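Enquirer: Shown below is the structure under consideration.
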Amino acid sequence: PARLERHLARGEVRALAGEPAWAIVTPRERGWELAHIEGEPEAMARLCADLRGTAEASSNEEYLIALLPPDTAAAQALAPAGFGAPTDPMRVYTLEFAPTP
């Protein structure tokens, strides 16, 4: 909750009015990172299209990076919004630490 509050305070949480999807978009050196997105697939696609259409994102000097497994609904929402396919798909692994004795 505290992390989400910090993103809200910085204006990094994006959503479309009445849509069942939201995203955290954080600034990078050149462009933005789609740090988190969730919601219904069609609503995520509309949100991604809105992110792509912002004035800041229309420059060829800017980009939106997203590290998403390609078979997820979130990653699949990017294609209909006009984002290109990844040129270097990556895998993300979750490590679970054992409890400390």
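Just remember, in the structure tokens the first chain shown is A, the second B, etc., residues are 1-based per chain, and ligands are 1-based in the order shown.
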Excluding stretch 60-75 of chain A and its own-chain neighbours fewer than 2 positions away, which residues fall within 7 Å of it when counting only C-alpha atoms? Please give them as a list of chain:residue names.
Expert: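 What passes the distance filter is A:Arg30, A:Gly31, A:Trp32, A:Glu33, A:Leu34, A:Ala35, A:Ile37, A:Glu38, A:Pro41, A:Met44, A:Ala57, A:Ser58, A:Ala77, A:Leu78, A:Arg91.
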Enquirer: Looking at A:Glu42, A:Glu96, A:Glu19, A:Glu5, which one is nearest to A:Ala79, with distances taken over only C-alpha atoms?
Expert: A:Glu42
Enquirer: Return as a PyMOL selection string the full set of residues in chain A whose backbone-based DSSP assignment is strand (DSSP E).
Expert: chain A and resi 13-15+21-28+31-39+64-65
Enquirer: Do you know which residues are at most 8 Å from A:Pro80 counting only C-alpha atoms, after dropping those on the same chain fewer than 4 positions away, and could you put them as a PDB file with N, CA, C and O atoms, in the first residue's frame?
Expert:
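Listed below is the output, part.pdb:
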ATOM      1  N   ALA A  45      -6.067  -3.114 -23.183  1.00  0.00           N
ATOM      2  CA  ALA A  45      -5.698  -2.709 -24.547  1.00  0.00           C
ATOM      3  C   ALA A  45      -6.064  -1.248 -24.785  1.00  0.00           C
ATOM      4  O   ALA A  45      -5.284  -0.488 -25.374  1.00  0.00           O
ATOM      5  N   ALA A  49      -3.444   1.806 -25.512  1.00  0.00           N
ATOM      6  CA  ALA A  49      -3.592   2.718 -26.645  1.00  0.00           C
ATOM      7  C   ALA A  49      -3.566   4.161 -26.173  1.00  0.00           C
ATOM      8  O   ALA A  49      -2.961   5.024 -26.817  1.00  0.00           O
ATOM      9  N   GLN A  76      -0.146  -9.102 -24.191  1.00  0.00           N
ATOM     10  CA  GLN A  76      -0.966  -9.183 -25.399  1.00  0.00           C
ATOM     11  C   GLN A  76      -1.805  -7.934 -25.607  1.00  0.00           C
ATOM     12  O   GLN A  76      -2.250  -7.671 -26.725  1.00  0.00           O
TER      13      GLN A  76
END
